[in-house]
file start-v9.txt (compact mmCIF, C-alpha atoms and all ligand atoms)
# COMPACT_ATOMS: atom_id res chain seq x y z
CA MET A 1 0.00 0.00 0.00
CA ARG A 2 1.24 3.46 -0.84
CA ILE A 3 1.57 5.52 2.35
CA THR A 4 0.01 8.55 0.62
CA GLN A 5 -3.32 6.73 0.75
CA GLN A 6 -3.20 6.94 4.55
CA PHE A 7 -3.14 10.73 4.90
CA SER A 8 -6.47 12.11 5.98
CA PRO A 9 -7.34 15.34 7.82
CA GLY A 10 -7.49 14.83 11.58
CA ARG A 11 -6.03 11.31 11.35
CA PRO A 12 -2.25 11.61 11.69
CA THR A 13 -0.13 8.73 10.44
CA LEU A 14 1.94 7.15 13.23
CA SER A 15 5.19 5.45 12.26
CA PHE A 16 8.48 4.11 13.63
CA GLU A 17 11.99 4.26 12.20
CA PHE A 18 14.65 1.59 12.79
CA PHE A 19 18.15 1.00 11.48
CA PRO A 20 19.55 -2.38 10.34
CA PRO A 21 21.54 -4.02 13.13
CA LYS A 22 25.14 -5.05 12.51
CA ASP A 23 24.81 -8.80 13.05
CA GLU A 24 22.37 -11.68 12.73
CA ILE A 25 21.44 -11.74 16.44
CA GLY A 26 20.65 -8.04 16.27
CA PHE A 27 18.62 -8.61 13.13
CA TRP A 28 16.35 -11.15 14.81
CA ASP A 29 16.08 -9.02 17.98
CA LEU A 30 14.88 -6.16 15.82
CA TYR A 31 12.55 -8.44 13.89
CA ARG A 32 10.88 -9.44 17.18
CA THR A 33 10.71 -5.80 18.29
CA VAL A 34 8.89 -4.82 15.10
CA GLU A 35 6.65 -7.90 15.39
CA SER A 36 5.64 -6.76 18.88
CA LEU A 37 4.43 -3.45 17.39
CA LYS A 38 1.86 -5.15 15.18
CA PRO A 39 -0.99 -5.03 17.74
CA LEU A 40 -0.48 -1.24 17.89
CA HIS A 41 -1.29 -0.91 14.17
CA PRO A 42 1.34 1.65 13.20
CA THR A 43 0.74 3.17 9.77
CA TYR A 44 4.19 2.01 8.65
CA VAL A 45 7.70 1.21 9.79
CA SER A 46 10.74 2.61 7.97
CA VAL A 47 14.27 1.23 7.82
CA THR A 48 17.33 3.43 7.31
CA TYR A 49 20.03 2.97 4.68
CA GLY A 50 23.79 3.42 5.14
CA SER A 51 25.10 6.46 3.36
CA GLY A 52 27.70 4.47 1.44
CA GLY A 53 25.14 1.74 0.70
CA SER A 54 26.85 -0.46 3.33
CA ASP A 55 23.69 -2.01 4.72
CA ARG A 56 21.72 -2.06 1.49
CA ARG A 57 21.04 -5.82 1.73
CA GLN A 58 19.84 -5.54 5.36
CA THR A 59 17.50 -2.65 4.54
CA LEU A 60 15.93 -4.65 1.73
CA ASP A 61 15.69 -7.81 3.90
CA LEU A 62 14.10 -5.93 6.77
CA VAL A 63 11.52 -3.95 4.80
CA THR A 64 10.55 -7.09 2.90
CA ARG A 65 10.11 -9.17 6.06
CA ILE A 66 8.29 -6.38 7.90
CA LYS A 67 5.80 -6.15 5.06
CA SER A 68 5.45 -9.80 3.98
CA ASP A 69 6.04 -11.78 7.18
CA ILE A 70 4.93 -9.39 9.92
CA GLY A 71 2.22 -7.64 7.91
CA ILE A 72 3.09 -3.98 8.70
CA GLU A 73 3.46 -1.57 5.77
CA SER A 74 7.11 -0.66 5.30
CA MET A 75 9.24 2.03 3.72
CA ALA A 76 12.88 1.69 2.68
CA HIS A 77 15.24 4.65 3.02
CA LEU A 78 17.61 5.05 0.07
CA THR A 79 20.61 7.37 -0.12
CA CYS A 80 22.33 8.37 -3.37
CA MET A 81 25.68 9.75 -2.21
CA GLY A 82 28.51 7.49 -3.32
CA ALA A 83 26.28 5.38 -5.58
CA THR A 84 26.15 5.22 -9.37
CA ARG A 85 22.90 5.47 -11.31
CA ALA A 86 23.21 1.79 -12.24
CA GLU A 87 23.53 0.79 -8.56
CA LEU A 88 20.58 2.93 -7.56
CA GLY A 89 18.52 1.52 -10.41
CA THR A 90 19.24 -2.00 -9.17
CA VAL A 91 18.14 -1.11 -5.63
CA VAL A 92 14.89 0.49 -6.85
CA ASP A 93 14.15 -2.52 -9.08
CA ASP A 94 14.92 -4.91 -6.17
CA LEU A 95 12.54 -3.01 -3.90
CA LYS A 96 9.79 -3.16 -6.49
CA ARG A 97 10.40 -6.86 -7.14
CA HIS A 98 9.97 -7.52 -3.40
CA GLY A 99 6.68 -5.63 -3.35
CA ILE A 100 7.95 -2.51 -1.56
CA GLU A 101 5.85 0.48 -2.59
CA ASN A 102 7.36 3.23 -0.42
CA VAL A 103 10.81 4.78 -0.49
CA LEU A 104 12.38 7.70 1.42
CA ALA A 105 14.75 9.29 -1.10
CA LEU A 106 17.78 10.93 0.53
CA ARG A 107 21.13 12.35 -0.38
CA GLY A 108 22.98 10.93 2.66
CA ASP A 109 26.22 12.27 4.11
CA ARG A 110 29.71 11.45 2.94
CA PRO A 111 31.84 9.86 5.69
CA ALA A 112 34.51 12.33 6.88
CA ASP A 113 37.32 10.07 5.65
CA GLN A 114 35.94 9.87 2.09
CA VAL A 115 37.16 12.12 -0.72
CA PRO A 116 34.32 14.15 -2.30
CA ALA A 117 33.25 12.97 -5.74
CA THR A 118 34.43 14.95 -8.76
CA PRO A 119 31.73 16.81 -10.74
CA GLU A 120 32.23 14.29 -13.59
CA ALA A 121 31.43 11.32 -11.32
CA ASP A 122 28.32 9.29 -12.13
CA GLU A 123 26.74 10.37 -8.85
CA PHE A 124 23.74 12.46 -7.88
CA ARG A 125 24.59 15.58 -5.90
CA TYR A 126 21.17 16.18 -4.34
CA ALA A 127 18.20 14.14 -3.22
CA SER A 128 16.03 15.98 -5.79
CA GLU A 129 17.95 14.17 -8.55
CA LEU A 130 17.31 10.81 -6.86
CA VAL A 131 13.61 11.66 -6.55
CA ALA A 132 13.41 12.44 -10.28
CA PHE A 133 15.33 9.25 -11.06
CA ILE A 134 12.95 7.04 -9.01
CA ARG A 135 9.89 8.85 -10.37
CA ALA A 136 11.01 8.23 -13.95
CA ARG A 137 11.58 4.55 -13.18
CA SER A 138 8.61 3.61 -11.02
CA ASP A 139 5.29 4.65 -9.55
CA MET A 140 6.47 4.12 -5.96
CA CYS A 141 5.29 6.47 -3.23
CA ILE A 142 8.29 8.76 -2.64
CA ALA A 143 8.99 10.52 0.65
CA ALA A 144 11.82 13.00 1.27
CA ALA A 145 13.48 14.75 4.21
CA CYS A 146 12.98 18.35 5.30
CA TYR A 147 14.48 20.51 8.02
CA PRO A 148 12.32 22.86 10.15
CA GLU A 149 15.45 24.60 11.48
CA GLY A 150 17.22 24.46 8.11
CA HIS A 151 19.68 21.85 6.81
CA PRO A 152 23.12 22.47 8.37
CA GLU A 153 24.73 23.00 4.93
CA ALA A 154 22.08 25.40 3.60
CA GLY A 155 23.17 29.03 3.31
CA SER A 156 19.80 30.27 4.60
CA LEU A 157 16.30 29.07 5.44
CA THR A 158 15.09 30.67 2.20
CA ALA A 159 17.66 28.82 0.06
CA ASP A 160 16.84 25.55 1.84
CA LEU A 161 13.14 26.06 1.14
CA GLU A 162 13.81 26.80 -2.54
CA HIS A 163 15.77 23.54 -2.79
CA LEU A 164 12.98 21.71 -1.00
CA LEU A 165 10.41 23.05 -3.45
CA ARG A 166 12.58 21.78 -6.32
CA LYS A 167 12.78 18.37 -4.62
CA VAL A 168 9.02 18.18 -4.08
CA ASP A 169 8.37 19.21 -7.68
CA ALA A 170 10.62 16.37 -8.84
CA GLY A 171 7.98 13.93 -7.55
CA VAL A 172 7.80 13.81 -3.74
CA ASP A 173 4.53 12.53 -2.24
CA PHE A 174 5.17 13.48 1.38
CA LEU A 175 7.88 14.90 3.65
CA ILE A 176 9.29 13.82 7.00
CA THR A 177 11.05 16.41 9.14
CA GLN A 178 14.36 16.20 10.91
CA LEU A 179 13.81 15.83 14.66
CA PHE A 180 12.98 18.98 16.61
CA PHE A 181 12.28 19.69 20.28
CA ASP A 182 10.28 22.89 19.98
CA ASN A 183 7.05 22.57 18.01
CA ARG A 184 7.18 26.23 17.05
CA HIS A 185 9.92 25.33 14.55
CA PHE A 186 7.54 22.86 12.93
CA TYR A 187 4.57 25.25 12.78
CA ARG A 188 6.68 28.08 11.29
CA PHE A 189 8.28 25.74 8.79
CA ARG A 190 4.90 24.31 7.73
CA GLU A 191 3.57 27.80 7.18
CA ARG A 192 6.62 28.89 5.16
CA ALA A 193 6.46 25.69 3.10
CA LEU A 194 2.79 26.24 2.32
CA ARG A 195 3.47 29.84 1.31
CA ALA A 196 6.26 28.62 -0.97
CA GLY A 197 3.76 26.31 -2.69
CA ILE A 198 4.64 23.00 -0.98
CA LYS A 199 1.33 21.24 -0.55
CA VAL A 200 2.36 17.65 0.21
CA PRO A 201 1.74 16.29 3.75
CA ILE A 202 4.52 17.10 6.26
CA VAL A 203 5.11 14.46 8.92
CA ALA A 204 6.80 15.53 12.17
CA GLY A 205 9.93 13.61 13.21
CA ILE A 206 10.07 13.08 16.97
CA MET A 207 12.81 11.58 19.10
CA PRO A 208 12.42 11.33 22.88
CA ILE A 209 15.53 12.34 24.78
CA LEU A 210 16.72 9.23 26.58
CA SER A 211 20.19 10.30 27.71
CA VAL A 212 22.22 13.49 27.91
CA LYS A 213 25.04 11.97 25.84
CA GLN A 214 22.62 10.96 23.08
CA ILE A 215 21.05 14.37 22.90
CA ARG A 216 24.39 16.22 22.73
CA ARG A 217 25.59 13.93 19.92
CA PHE A 218 22.38 14.29 17.92
CA THR A 219 21.97 18.02 18.17
CA GLU A 220 25.62 18.46 17.09
CA MET A 221 25.07 16.13 14.13
CA CYS A 222 21.79 17.42 12.78
CA GLY A 223 21.66 21.01 13.98
CA ALA A 224 18.39 20.67 15.93
CA SER A 225 18.25 23.06 18.89
CA ILE A 226 17.04 22.28 22.40
CA PRO A 227 14.93 24.90 24.19
CA PRO A 228 17.16 26.28 26.99
CA ASP A 229 14.60 25.52 29.72
CA LEU A 230 14.37 21.88 28.61
CA LEU A 231 18.17 21.62 28.49
CA ASN A 232 18.45 23.13 31.97
CA ARG A 233 15.93 20.71 33.39
CA ILE A 234 17.63 17.76 31.78
CA GLU A 235 21.09 18.83 32.85
CA SER A 236 19.84 19.34 36.40
CA VAL A 237 19.09 15.59 36.61
CA GLU A 238 22.01 14.54 34.39
CA ASP A 239 23.35 12.00 36.90
CA ASP A 240 20.00 10.27 37.27
CA ALA A 241 19.46 8.25 34.07
CA GLU A 242 15.89 7.36 34.96
CA ALA A 243 14.90 10.98 35.61
CA VAL A 244 16.47 12.10 32.31
CA ARG A 245 14.60 9.40 30.46
CA HIS A 246 11.34 10.29 32.15
CA LEU A 247 11.71 14.00 31.37
CA GLY A 248 12.53 13.16 27.76
CA MET A 249 9.47 10.97 27.42
CA TYR A 250 7.29 13.57 29.06
CA HIS A 251 8.51 16.28 26.69
CA ALA A 252 8.07 14.09 23.60
CA THR A 253 4.54 13.13 24.69
CA GLN A 254 3.63 16.79 25.08
CA GLN A 255 5.09 17.56 21.66
CA CYS A 256 3.01 14.79 20.07
CA LEU A 257 -0.23 15.82 21.76
CA GLN A 258 0.19 19.41 20.59
CA LEU A 259 1.15 18.32 17.09
CA ILE A 260 -1.97 16.18 16.82
CA GLU A 261 -4.08 19.06 18.05
CA GLN A 262 -2.41 21.34 15.49
CA GLU A 263 -3.19 18.82 12.76
CA ALA A 264 0.26 17.57 11.83
CA ALA A 265 -0.14 15.12 8.95
CA GLY A 266 1.69 12.46 10.93
CA ILE A 267 4.24 11.65 13.62
CA HIS A 268 7.35 9.63 12.81
CA PHE A 269 9.30 8.26 15.78
CA TYR A 270 13.06 8.02 15.56
CA THR A 271 13.48 4.96 17.79
CA LEU A 272 17.27 4.41 17.58
CA ASN A 273 16.17 0.75 17.77
CA ARG A 274 15.10 1.19 21.39
CA SER A 275 11.39 0.97 21.08
CA THR A 276 10.26 0.88 24.73
CA ALA A 277 10.01 4.65 25.13
CA THR A 278 8.50 5.40 21.73
CA ARG A 279 6.10 2.51 22.17
CA ALA A 280 4.84 3.92 25.49
CA ILE A 281 4.43 7.39 23.96
CA TYR A 282 2.74 5.89 20.93
CA GLN A 283 0.20 4.00 23.05
CA HIS A 284 -0.53 7.13 25.00
CA ILE A 285 -1.13 9.36 21.99
CA LYS A 286 -2.92 6.69 19.97
CA ALA A 287 -5.66 6.83 22.60
CA MET A 288 -6.06 10.52 21.75
CA VAL A 289 -6.66 9.87 18.05
CA ARG A 290 -10.29 8.89 17.69
CA PRO A 291 -11.52 7.21 14.50
CA GLY A 292 -13.15 10.47 13.39
CA GLY A 293 -10.19 12.70 14.30
CA PRO A 294 -8.18 13.77 17.32
CA ALA A 295 -9.94 13.79 20.67
CA ALA A 296 -10.01 17.05 22.57
CA SER A 297 -6.45 17.53 23.73
CA PRO A 298 -5.66 17.68 27.40
CA PRO A 299 -4.43 20.99 28.72
CA VAL A 300 -0.76 21.38 27.96
CA ALA A 301 1.45 22.98 30.57
CA GLN A 302 5.17 23.47 30.89
CA ALA A 303 6.83 20.32 32.14
CA SER A 304 8.69 20.81 35.35
CA GLY A 305 11.13 18.55 37.12
CA ASP A 306 8.88 17.86 40.11
CA MET A 307 6.14 16.43 37.87
CA VAL A 308 8.48 13.65 36.93
CA LYS A 309 7.57 10.70 39.08
CA ARG A 310 9.24 7.35 39.09
CA GLY A 311 7.61 4.23 37.73
CA ASP A 312 5.24 5.90 35.24
CA ALA A 313 5.39 4.73 31.64
CA VAL A 314 4.45 8.18 30.36
CA PRO A 315 3.20 11.00 32.58
CA SER A 316 -0.54 11.01 32.13
CA PRO A 317 -2.20 14.17 30.84
CA GLU A 318 -4.36 14.31 33.96
CA ARG A 319 -1.24 14.94 36.02
CA ILE A 320 0.18 17.45 33.59
CA SER A 321 -2.28 20.27 34.05
C1 LIG B 1 13.55 11.65 7.98
C2 LIG B 1 15.04 11.48 7.72
C3 LIG B 1 15.55 10.21 7.46
C4 LIG B 1 16.91 10.04 7.17
N1 LIG B 1 17.38 8.78 6.91
C5 LIG B 1 18.69 8.60 6.58
C6 LIG B 1 19.18 7.31 6.21
O1 LIG B 1 18.46 6.31 6.19
N2 LIG B 1 20.50 7.20 5.88
C7 LIG B 1 21.35 8.28 5.88
O2 LIG B 1 22.52 8.12 5.55
N3 LIG B 1 20.90 9.53 6.22
C8 LIG B 1 19.59 9.72 6.55
N4 LIG B 1 19.12 10.98 6.87
C9 LIG B 1 20.07 12.11 6.89
C10 LIG B 1 20.23 12.80 5.52
O3 LIG B 1 20.84 11.91 4.61
C11 LIG B 1 21.09 14.04 5.73
O4 LIG B 1 20.38 14.99 6.49
C12 LIG B 1 21.70 14.68 4.50
O5 LIG B 1 22.66 15.64 4.93
C13 LIG B 1 20.73 15.45 3.60
O6 LIG B 1 19.90 14.60 2.95
P1 LIG B 1 18.66 15.20 2.07
O7 LIG B 1 18.06 14.05 1.40
O8 LIG B 1 17.83 16.09 2.88
O9 LIG B 1 19.52 16.07 1.00
P2 LIG B 1 19.13 17.23 -0.01
O10 LIG B 1 17.67 17.41 -0.17
O11 LIG B 1 19.92 16.94 -1.25
O12 LIG B 1 19.71 18.53 0.71
C14 LIG B 1 21.05 18.55 1.17
C15 LIG B 1 21.58 19.98 1.17
O13 LIG B 1 21.75 20.43 -0.18
C16 LIG B 1 21.02 21.63 -0.41
N5 LIG B 1 20.54 21.58 -1.80
C17 LIG B 1 19.56 20.80 -2.29
N6 LIG B 1 19.42 21.00 -3.62
C18 LIG B 1 20.33 21.95 -3.97
C19 LIG B 1 20.68 22.58 -5.19
N7 LIG B 1 20.06 22.30 -6.33
N8 LIG B 1 21.69 23.50 -5.17
C20 LIG B 1 22.34 23.81 -4.02
N9 LIG B 1 22.05 23.24 -2.83
C21 LIG B 1 21.06 22.31 -2.80
C22 LIG B 1 19.90 21.64 0.62
O14 LIG B 1 19.46 22.96 0.90
C23 LIG B 1 20.62 20.99 1.82
O15 LIG B 1 21.41 21.95 2.48
C24 LIG B 1 17.77 11.18 7.17
C25 LIG B 1 17.25 12.46 7.46
C26 LIG B 1 15.90 12.62 7.73
C27 LIG B 1 15.36 13.99 8.04

call {"tool": "encode", "arguments": {"input": "start-v9.txt", "output": "structure tokens"}}
result
Amino acid sequence: MRITQQFSPGRPTLSFEFFPPKDEIGFWDLYRTVESLKPLHPTYVSVTYGSGGSDRRQTLDLVTRIKSDIGIESMAHLTCMGATRAELGTVVDDLKRHGIENVLALRGDRPADQVPATPEADEFRYASELVAFIRARSDMCIAAACYPEGHPEAGSLTADLEHLLRKVDAGVDFLITQLFFDNRHFYRFRERALRAGIKVPIVAGIMPILSVKQIRRFTEMCGASIPPDLLNRIESVEDDAEAVRHLGMYHATQQCLQLIEQEAAGIHFYTLNRSTATRAIYQHIKAMVRPGGPAASPPVAQASGDMVKRGDAVPSPERIS
């Protein structure tokens, strides 16, 4: 099923992202994790792709098994950096042959130790070229990435948006954002995108903060900012792993509830292959999405450290107000 068929006003798509594990044991652990999500009826599960194509086989294996054996719709990520057109064509054909109908078309990042390709190389420079390539070759549903706070390499938000418009026009069906911790970035970006003529659904990428180390690494890598008050609260409990985790889950839950209320087209969870937290948040917010649309949202207040109580899966909205 093409994921585009699942977008409907007031009914956000809910999805999880995993990456292919390094070894066979990890593969089957992940398989069981995804299997355990089936009763939750996620809209789809996506599997990342190594920038140099390193885990191409695992991505294909996983998305195929998730769809055929487990019975959850799947989407393969595909990066073009470091790959020739012939190699990319083979991957797209393989995906189609295995019945995969959804692909997230990305540029990827060149590893620091790799020499940049020469302009003559048979390599796409931007994801928009990959999108056009897939579109010319197949009728797959194509998703692409977008950046509410701007892509780190973009000269300005305006330039980034112009490039995004070009990418969407090349054949993108929907967009998934880079993670963000302040919903205002998402709302502003969605408004600017709409004004620029981008009308495809924009799915919000959410990652709960589970450790201070993780959050520092990620924000450095992808340029997402953390609201200072959230950072202060998290750093104030830095030595207490459980408290950090609980605060992170609380914040992510609040983000999701607001996003649903503000009619985000969907929520995509970056799980980092640790699904317990995202699963708990998912179950909590799923209860808020009624068949006919989102239920009335609970009052949303600023999270504060003393609301974080031990032993709760996700702080309930009743305790938040
Ligand atoms: C939802 C999501 C999933 C991801 N999954 C993966 C994954 O599985 N594997 C992986 O390796 N990485 C993944 N990434 C990371 C992604 O590969 C990087 O963020 C990468 O740096 C940019 O990829 P892109 O597809 O957005 O590139 P592009 O859309 O090509 O944009 C990259 C930069 O080039 C600029 N640009 C675009 N077109 C032009 C143009 N014509 N002229 C000048 N500048 C231009 C853009 O403004 C931007 O600064 C993911 C990111 C997101 C948000």

call {"tool": "closest_atom_pairs", "arguments": {"input": "start-v9.txt", "of": "chain A", "to": "ligand LIG 1 (chain B)", "cutoff": "8 Å", "atoms": "all atoms listed in the file", "output": "CSV"}}
result
residue,atom,partner,partner_atom,distance
A:Phe19,CA,B:LIG1,O1,7.5
A:Val47,CA,B:LIG1,O1,6.8
A:Thr48,CA,B:LIG1,O1,3.3
A:Tyr49,CA,B:LIG1,O1,4.0
A:Gly50,CA,B:LIG1,O2,4.9
A:Ser51,CA,B:LIG1,O2,3.8
A:Gly52,CA,B:LIG1,O2,7.6
A:His77,CA,B:LIG1,O1,4.8
A:Leu78,CA,B:LIG1,O1,6.3
A:Thr79,CA,B:LIG1,N2,6.0
A:Leu104,CA,B:LIG1,C3,7.3
A:Ala105,CA,B:LIG1,O7,6.3
A:Leu106,CA,B:LIG1,O7,3.3
A:Arg107,CA,B:LIG1,O7,3.9
A:Gly108,CA,B:LIG1,O3,3.1
A:Asp109,CA,B:LIG1,O5,5.0
A:Arg125,CA,B:LIG1,O11,6.7
A:Tyr126,CA,B:LIG1,O11,3.4
A:Ala127,CA,B:LIG1,O11,3.8
A:Ser128,CA,B:LIG1,O10,6.0
A:Ala144,CA,B:LIG1,O7,6.3
A:Ala145,CA,B:LIG1,C27,4.3
A:Cys146,CA,B:LIG1,C27,5.7
A:Tyr147,CA,B:LIG1,C27,6.6
A:Gly150,CA,B:LIG1,O15,7.5
A:His151,CA,B:LIG1,O15,4.7
A:Pro152,CA,B:LIG1,O15,6.2
A:Glu153,CA,B:LIG1,O15,4.3
A:Ala154,CA,B:LIG1,O15,3.7
A:Gly155,CA,B:LIG1,O15,7.3
A:Ala159,CA,B:LIG1,O14,6.2
A:Asp160,CA,B:LIG1,O14,3.8
A:Leu161,CA,B:LIG1,O14,7.0
A:Glu162,CA,B:LIG1,O14,7.6
A:His163,CA,B:LIG1,N6,4.5
A:Leu164,CA,B:LIG1,O10,6.4
A:Arg166,CA,B:LIG1,N6,7.4
A:Lys167,CA,B:LIG1,O10,6.7
A:Leu175,CA,B:LIG1,C1,7.8
A:Ile176,CA,B:LIG1,C1,4.9
A:Thr177,CA,B:LIG1,C27,5.1
A:Gln178,CA,B:LIG1,C27,3.8
A:Leu179,CA,B:LIG1,C27,7.0
A:Gly205,CA,B:LIG1,C1,6.7
A:Cys222,CA,B:LIG1,O4,6.9

call {"tool": "atom_distance", "arguments": {"input": "start-v9.txt", "atom1": "atom CA of A:Glu73", "atom2": "atom CA of A:Phe269"}}
result
15.2 Å

call {"tool": "residues_around", "arguments": {"input": "start-v9.txt", "residues": "A:Arg110", "least_positions_apart": "2", "cutoff": "9 Å", "atoms": "only C-alpha atoms", "output": "ChimeraX atom specification"}}
result
/A:51-52,81-82,108,112-116

call {"tool": "residues_around", "arguments": {"input": "start-v9.txt", "residues": "A:Leu60", "least_positions_apart": "6", "cutoff": "8 Å", "atoms": "only C-alpha atoms", "output": "list in words"}}
result
Ala76, Asp94 and Leu95 of chain A

call {"tool": "closest_residue", "arguments": {"input": "start-v9.txt", "among": "A:His251, A:Arg190, A:Arg135, A:Arg2", "to": "A:Glu101", "atoms": "only C-alpha atoms"}}
result
A:Arg2

call {"tool": "atom_distance", "arguments": {"input": "start-v9.txt", "atom1": "atom CA of A:Ser74", "atom2": "atom CA of A:Arg188"}}
result
29.4 Å

call {"tool": "atom_distance", "arguments": {"input": "start-v9.txt", "atom1": "atom CA of A:Val289", "atom2": "atom CA of A:Ile3"}}
result
18.3 Å
